[in-house]
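Trainee: Starting off with a structure, shown below.
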Amino acid sequence: MATVEQIFEDYDAEIAQNVEKRQFESLDYYRYVKDKSGLNRGRLFLLDSSGTSVQREIPAFPHINRVYHLENGVQQFFGDSTFHVEEKLDGYNTRIFQHGGEIYATTKGGFICPFTTEWARLWGEIANLYKFYTDHPEWLICAEVAGHNPYNSQRDPDMPDGARLFIFDLMDDDGNYLDPEERYRVMERYDLPGVPTYGEYSMESLDDLMVLLQNMNQKEREGVVMKSSHKDQYLKFVTPRSDIKDIHDNIILHFDTHPFYFRNRLMRAILFLQEFELDKNEYAERIGRAFIDGLDELEDFDKVEEDYTIFVQNTNTWRKTRQLIRGEVDIETKNLEYASLHDREMIQVDFSRVFQKSTNRYQSILQGFPHTD
Ligand code: ATP
């Protein structure tokens, strides 16, 4: 087997130092593990069948800039140009590609995911991905997966059982993202499932965009991604009620969460309510309740865990998915039972992620052990 230096001999030395070797089924690949300008974490390098050189690269999905003040952000970013508005769905990011006649799906970090790949192959049949790949074998699909999934526990209860695919980008075989309108045309041609779209806006129709966002806020939808018509420029803007919901759901994971997680959400929510002139008393109550209710379970505390339900076709898919996510937290399988979805026999897996750091800290705090903070 070739060494990493031999495989990456034509690349910048920095790349060979920051890749991790992985295997999925019979596909050998490396994932880039660092975030550096020009090359984001999650890029994949697929090896040829001899395992000696890189045959194909799958680019990482780029970061999307965030604005905190809608009007000024739109003015700065789009000026007088029009832009498309799409819903920012709250699931997890995946990139789907076809290689050697098989479909694979990766997480944002560049792990080919057994769960998402199994579903992507099902979407091949029921959501026309195979039809699309017959004509565009080298294209990359970028999408959000929502519904029952192992990565994001904030499932929209109105969604039907199972995982759901929402495509928001297509990259052609030259490595260019399609402009929104071109993408909408291609998606319509193949009847591919996409994120909800809200049409074109500009500074002149900012009031309409604000009404759209207020409606999304009422429904606790996450927000929007604004996309320029002809350049790959994206901007995200989120609603305060989804930020406050995140605070409520995650404050109990406090010791396992990035320290800026809550601060950023608080600041975003407050700037939104200032710009949109929302009722400050109402939001003081909502923000306060999120912190207080989010910590309710400390009154009768056992451990910090998040419950998930997923549907897989094969117990092996669950075993491998579990291996993949176990790196970060402990996983407890709670229940396995047969289910029927999309006219197929599936297995419903109920499991929880147990957050050991927060569990240990709260346990010791509640037992009265002192801490230096
Ligand atoms: P970053 O953008 O810095 O990578 P992040 O990983 O924290 O940030 P988010 O803040 O959730 O991610 O926002 C970006 C993500 O939003 C995208 O990676 C994508 O998965 C998701 N997303 C949901 N809907 C859309 C959409 N319509 N267009 C583009 N991305 C979308």
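A note on labels: chains of the structure tokens are A, B, ... as shown, every chain counts residues from 1, and ligands are counted from 1 in their shown order.
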Please tabulate, as CSV, the residues of chain A that come within 8 Å of ligand 1, each with its closest pair of atoms and the distance in Å to one decimal, counting only C-alpha atoms and all ligand atoms and ordering rows by chain, then residue number upward.

Mentor:
residue,atom,partner,partner_atom_place_in_ligand_line,distance
A:Phe61,CA,ligand 1,18 (O),6.5
A:Pro62,CA,ligand 1,4 (O),6.3
A:His63,CA,ligand 1,2 (O),3.6
A:Ile64,CA,ligand 1,2 (O),3.8
A:Asn65,CA,ligand 1,2 (O),6.3
A:Arg66,CA,ligand 1,2 (O),7.6
A:Val85,CA,ligand 1,27 (N),8.0
A:Glu86,CA,ligand 1,27 (N),4.8
A:Glu87,CA,ligand 1,27 (N),5.0
A:Lys88,CA,ligand 1,24 (N),3.4
A:Leu89,CA,ligand 1,23 (C),4.2
A:Asp90,CA,ligand 1,23 (C),6.0
A:Gly91,CA,ligand 1,23 (C),7.2
A:Tyr92,CA,ligand 1,20 (O),5.5
A:Asn93,CA,ligand 1,20 (O),3.7
A:Thr94,CA,ligand 1,20 (O),7.0
A:Lys108,CA,ligand 1,18 (O),7.3
A:Cys142,CA,ligand 1,20 (O),8.0
A:Ala143,CA,ligand 1,20 (O),6.6
A:Glu144,CA,ligand 1,20 (O),5.3
A:Phe166,CA,ligand 1,24 (N),8.0
A:Ile167,CA,ligand 1,27 (N),7.8
A:Phe168,CA,ligand 1,28 (N),4.9
A:Asp169,CA,ligand 1,28 (N),7.0
A:Val195,CA,ligand 1,27 (N),5.6
A:Pro196,CA,ligand 1,27 (N),7.5
A:Thr197,CA,ligand 1,27 (N),7.8
A:Val224,CA,ligand 1,27 (N),6.8
A:Val225,CA,ligand 1,28 (N),5.4
A:Met226,CA,ligand 1,28 (N),7.9
A:Tyr234,CA,ligand 1,29 (C),7.7
A:Lys236,CA,ligand 1,13 (O),6.9

Trainee: Given only C-alpha atoms, how would the per-residue table for range 214-318 of chain A near range 81-84 of chain A read, listing every residue at most 8 Å away with its closest atom pair and distance in Å to one decimal, sorted by chain and number, as a tab-separated table?

Mentor:
residue	atom	partner	partner_atom	distance
A:Met226	CA	A:His84	CA	5.6
A:Lys227	CA	A:His84	CA	5.0
A:Ser228	CA	A:Phe83	CA	4.4
A:Ser229	CA	A:Phe83	CA	5.4

Trainee: Do a neighbour search on range 314-320 of chain A at 9 Å with only C-alpha atoms, toss out local chain neighbours closer than 4 positions, and write the hits as number ranges by chain.

Mentor: A: 113-115, 118, 310, 324-325, 346-347, 349

Trainee: So, counting only C-alpha atoms, which residue among A:Tyr68, A:Tyr261, A:Phe111, A:Tyr151 is closest to Phe24 in chain A?

Mentor: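 The answer is A:Phe111, which sits nearest to Phe24 in chain A.
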
Trainee: Residues within 12 Å of Arg263 in chain A, please, as a CSV table (one decimal) with N, CA and C atoms, in the first residue's frame. Count only C-alpha atoms; anything in the same chain fewer than 6 positions from it doesn't count.

Mentor:
chain,number,residue,atom,x,y,z
A,243,ASP,N,-33.4,30.6,17.5
A,243,ASP,CA,-32.2,30.7,18.4
A,243,ASP,C,-32.6,30.4,19.9
A,244,ILE,N,-33.8,30.9,20.3
A,244,ILE,CA,-34.2,30.7,21.7
A,244,ILE,C,-34.5,29.2,21.9
A,246,ASP,N,-33.0,26.8,20.4
A,246,ASP,CA,-31.7,26.2,20.6
A,246,ASP,C,-31.2,26.3,22.0
A,247,ILE,N,-31.4,27.5,22.6
A,247,ILE,CA,-30.9,27.8,23.9
A,247,ILE,C,-31.7,26.8,24.9
A,251,ILE,N,-29.2,24.1,26.7
A,251,ILE,CA,-28.5,24.7,27.9
A,251,ILE,C,-28.1,23.5,28.8
A,254,HIS,N,-24.7,22.3,28.3
A,254,HIS,CA,-23.8,23.4,28.5
A,254,HIS,C,-22.3,23.1,28.5
A,257,THR,N,-20.8,22.0,25.2
A,257,THR,CA,-21.1,23.0,24.1
A,257,THR,C,-20.0,24.1,24.0
A,269,ALA,N,-30.6,37.1,18.6
A,269,ALA,CA,-32.0,37.2,18.9
A,269,ALA,C,-32.3,38.7,19.3
A,270,ILE,N,-31.4,39.3,20.1
A,270,ILE,CA,-31.6,40.7,20.5
A,270,ILE,C,-31.5,41.7,19.3

Trainee: Check the smallest atom-to-atom distance from each of A:Thr321, A:Gln17, A:Gln356, A:Ser242 to Thr116 in chain A using only C-alpha atoms, then report the winner.

Mentor: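 For Thr116 in chain A, the nearest of the candidates is A:Thr321.
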
Trainee: Once DSSP has gone over the backbone, tell me which residues of range 103-338 of chain A are in strand (DSSP E or B), as a ChimeraX atom specification.

Mentor: /A:103-107,112,140-147,163-171,177,194,197-201,223-228,234-238,305-312,330-338

Trainee: Give the answer as one residue: which of A:Ser53, A:Asn217, A:Gln154, A:Thr372 has the shortest atom-to-atom distance to Thr3 in chain A, using only C-alpha atoms?

Mentor: A:Ser53

Trainee: Using the chain letters and numbers from this document, which residues of range 117-282 of chain A does DSSP assign to helix (DSSP H, G or I), as a VMD selection string?

Mentor: chain A and resid 117 to 126 129 to 135 180 to 190 203 to 218 240 to 256 260 to 275 280 to 282

Trainee: Quick one: residues within 10 Å of range 337-343 of chain A, only C-alpha atoms counted, chain neighbours fewer than 3 positions away excluded, as a tab-separated table (two decimals) with N, CA, C and O atoms, in the first residue's frame?

Mentor:
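This is the output file selection_2.tsv:
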chain	number	residue	atom	x	y	z
A	122	LEU	N	-31.72	4.76	-1.32
A	122	LEU	CA	-33.18	4.67	-1.40
A	122	LEU	C	-33.74	5.88	-2.16
A	122	LEU	O	-34.63	5.74	-3.00
A	126	ILE	N	-36.60	6.44	-4.96
A	126	ILE	CA	-37.89	7.10	-4.71
A	126	ILE	C	-37.83	8.62	-4.91
A	126	ILE	O	-38.85	9.27	-4.92
A	160	PRO	N	-43.17	13.44	8.01
A	160	PRO	CA	-43.48	12.01	8.11
A	160	PRO	C	-42.27	11.21	8.61
A	160	PRO	O	-41.14	11.71	8.61
A	161	ASP	N	-42.52	9.97	9.03
A	161	ASP	CA	-41.43	9.12	9.55
A	161	ASP	C	-40.33	8.94	8.51
A	161	ASP	O	-40.59	8.90	7.31
A	162	GLY	N	-39.11	8.81	9.00
A	162	GLY	CA	-37.98	8.56	8.11
A	162	GLY	C	-37.17	9.81	7.89
A	162	GLY	O	-37.49	10.88	8.42
A	311	PHE	N	-34.54	5.29	11.16
A	311	PHE	CA	-35.01	4.10	10.45
A	311	PHE	C	-33.90	3.65	9.50
A	311	PHE	O	-33.41	4.46	8.70
A	312	VAL	N	-33.51	2.37	9.62
A	312	VAL	CA	-32.48	1.83	8.74
A	312	VAL	C	-33.01	0.54	8.09
A	312	VAL	O	-33.96	-0.07	8.60
A	313	GLN	N	-32.39	0.13	6.99
A	313	GLN	CA	-32.86	-1.09	6.33
A	313	GLN	C	-32.10	-2.31	6.84
A	313	GLN	O	-32.49	-3.43	6.56
A	346	MET	N	-38.19	-1.99	7.39
A	346	MET	CA	-37.07	-1.23	7.98
A	346	MET	C	-36.98	-1.57	9.46
A	346	MET	O	-37.86	-2.23	10.01
A	347	ILE	N	-35.94	-1.07	10.08
A	347	ILE	CA	-35.79	-1.25	11.52
A	347	ILE	C	-35.80	0.13	12.16
A	347	ILE	O	-35.05	1.02	11.74
A	348	GLN	N	-36.70	0.29	13.12
A	348	GLN	CA	-36.71	1.55	13.86
A	348	GLN	C	-35.74	1.41	15.03
A	348	GLN	O	-35.83	0.48	15.82
A	349	VAL	N	-34.78	2.34	15.11
A	349	VAL	CA	-33.80	2.30	16.19
A	349	VAL	C	-34.02	3.52	17.08
A	349	VAL	O	-33.98	4.65	16.60
A	350	ASP	N	-34.29	3.27	18.35
A	350	ASP	CA	-34.35	4.38	19.31
A	350	ASP	C	-33.05	4.35	20.09
A	350	ASP	O	-32.69	3.31	20.65

Trainee: For Asp173 in chain A, which residue out of A:Arg221, A:Arg56, A:Arg43, A:Arg326 is the nearest one, using only C-alpha atoms?

Mentor: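 When distances to Asp173 in chain A are compared using only C-alpha atoms, the smallest one comes from A:Arg56.
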
Trainee: Extract, using only C-alpha atoms, all DNA, RNA and protein residues at most 9 Å from Tyr29 in chain A, discarding same-chain residues fewer than 3 positions from it, and format them as a list in words.

Mentor: Glu20, Lys21, Arg22, Gln23, Phe24, Leu44, Phe45, Leu46, Leu47, Gly51 and Val54 of chain A

Trainee: Save the residues we just selected, all heavy atoms, as a tab-separated table (two decimals), in the first residue's frame?

Mentor:
chain	number	residue	atom	x	y	z
A	20	GLU	N	-6.92	12.30	6.86
A	20	GLU	CA	-7.12	11.07	7.64
A	20	GLU	C	-7.63	9.98	6.70
A	20	GLU	O	-8.56	10.22	5.93
A	20	GLU	CB	-8.17	11.35	8.72
A	20	GLU	CG	-8.46	10.17	9.59
A	20	GLU	CD	-9.78	10.29	10.35
A	20	GLU	OE1	-10.80	10.65	9.74
A	20	GLU	OE2	-9.78	10.03	11.55
A	21	LYS	N	-7.04	8.81	6.79
A	21	LYS	CA	-7.43	7.72	5.89
A	21	LYS	C	-8.70	7.06	6.41
A	21	LYS	O	-8.84	6.82	7.60
A	21	LYS	CB	-6.30	6.69	5.82
A	21	LYS	CG	-6.56	5.63	4.79
A	21	LYS	CD	-5.29	4.87	4.50
A	21	LYS	CE	-5.40	3.92	3.31
A	21	LYS	NZ	-6.65	3.36	2.97
A	22	ARG	N	-9.63	6.76	5.50
A	22	ARG	CA	-10.87	6.10	5.88
A	22	ARG	C	-11.23	5.09	4.80
A	22	ARG	O	-10.73	5.15	3.67
A	22	ARG	CB	-12.06	7.09	5.98
A	22	ARG	CG	-11.85	8.36	6.71
A	22	ARG	CD	-12.19	8.31	8.16
A	22	ARG	NE	-13.38	7.58	8.50
A	22	ARG	CZ	-13.71	7.28	9.75
A	22	ARG	NH1	-12.92	7.63	10.75
A	22	ARG	NH2	-14.81	6.59	10.04
A	23	GLN	N	-12.13	4.20	5.17
A	23	GLN	CA	-12.63	3.28	4.17
A	23	GLN	C	-14.13	3.15	4.35
A	23	GLN	O	-14.63	3.13	5.47
A	23	GLN	CB	-11.97	1.90	4.34
A	23	GLN	CG	-12.34	0.97	3.22
A	23	GLN	CD	-11.75	-0.41	3.38
A	23	GLN	OE1	-11.52	-0.87	4.50
A	23	GLN	NE2	-11.53	-1.09	2.27
A	24	PHE	N	-14.85	3.07	3.23
A	24	PHE	CA	-16.28	2.80	3.30
A	24	PHE	C	-16.58	1.74	2.25
A	24	PHE	O	-16.29	1.93	1.07
A	24	PHE	CB	-17.11	4.06	3.03
A	24	PHE	CG	-18.58	3.81	3.17
A	24	PHE	CD1	-19.20	3.88	4.41
A	24	PHE	CD2	-19.35	3.47	2.07
A	24	PHE	CE1	-20.55	3.61	4.56
A	24	PHE	CE2	-20.71	3.21	2.21
A	24	PHE	CZ	-21.31	3.28	3.44
A	44	LEU	N	-12.93	15.46	0.34
A	44	LEU	CA	-12.61	14.03	0.21
A	44	LEU	C	-11.66	13.80	-0.96
A	44	LEU	O	-11.81	14.44	-2.01
A	44	LEU	CB	-13.88	13.23	-0.07
A	44	LEU	CG	-14.60	12.63	1.13
A	44	LEU	CD1	-15.23	13.72	1.95
A	44	LEU	CD2	-15.68	11.67	0.67
A	45	PHE	N	-10.73	12.89	-0.76
A	45	PHE	CA	-9.83	12.47	-1.83
A	45	PHE	C	-10.08	10.97	-2.04
A	45	PHE	O	-9.74	10.17	-1.16
A	45	PHE	CB	-8.37	12.69	-1.42
A	45	PHE	CG	-8.04	14.14	-1.11
A	45	PHE	CD1	-8.22	14.65	0.17
A	45	PHE	CD2	-7.58	14.99	-2.11
A	45	PHE	CE1	-7.93	15.98	0.45
A	45	PHE	CE2	-7.27	16.32	-1.83
A	45	PHE	CZ	-7.46	16.82	-0.55
A	46	LEU	N	-10.70	10.62	-3.16
A	46	LEU	CA	-11.02	9.21	-3.42
A	46	LEU	C	-9.85	8.57	-4.16
A	46	LEU	O	-9.33	9.14	-5.13
A	46	LEU	CB	-12.28	9.09	-4.27
A	46	LEU	CG	-13.49	9.92	-3.85
A	46	LEU	CD1	-14.67	9.64	-4.79
A	46	LEU	CD2	-13.90	9.61	-2.41
A	47	LEU	N	-9.44	7.40	-3.69
A	47	LEU	CA	-8.28	6.74	-4.31
A	47	LEU	C	-8.71	5.85	-5.48
A	47	LEU	O	-9.85	5.38	-5.53
A	47	LEU	CB	-7.55	5.89	-3.26
A	47	LEU	CG	-7.02	6.63	-2.03
A	47	LEU	CD1	-6.06	5.74	-1.25
A	47	LEU	CD2	-6.30	7.93	-2.40
A	51	GLY	N	-5.16	1.97	-4.99
A	51	GLY	CA	-4.88	2.64	-3.71
A	51	GLY	C	-3.60	3.44	-3.72
A	51	GLY	O	-3.06	3.77	-2.66
A	54	VAL	N	-4.72	9.63	-6.00
A	54	VAL	CA	-6.05	10.23	-5.86
A	54	VAL	C	-6.70	10.22	-7.24
A	54	VAL	O	-6.16	10.73	-8.21
A	54	VAL	CB	-5.93	11.68	-5.34
A	54	VAL	CG1	-7.30	12.36	-5.32
A	54	VAL	CG2	-5.30	11.70	-3.95

Trainee: Can you measure CA of Leu140 in chain A to CA of Phe97 in chain A for me? One decimal in Å is fine.

Mentor: 5.2 Å

Trainee: Would you mind telling me which residue in A:Tyr30, A:Phe8, A:Phe77, A:Phe351 lies nearest to Arg322 in chain A when using only C-alpha atoms?

Mentor: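 Once distances to Arg322 in chain A are computed over only C-alpha atoms, the minimum belongs to A:Phe351.
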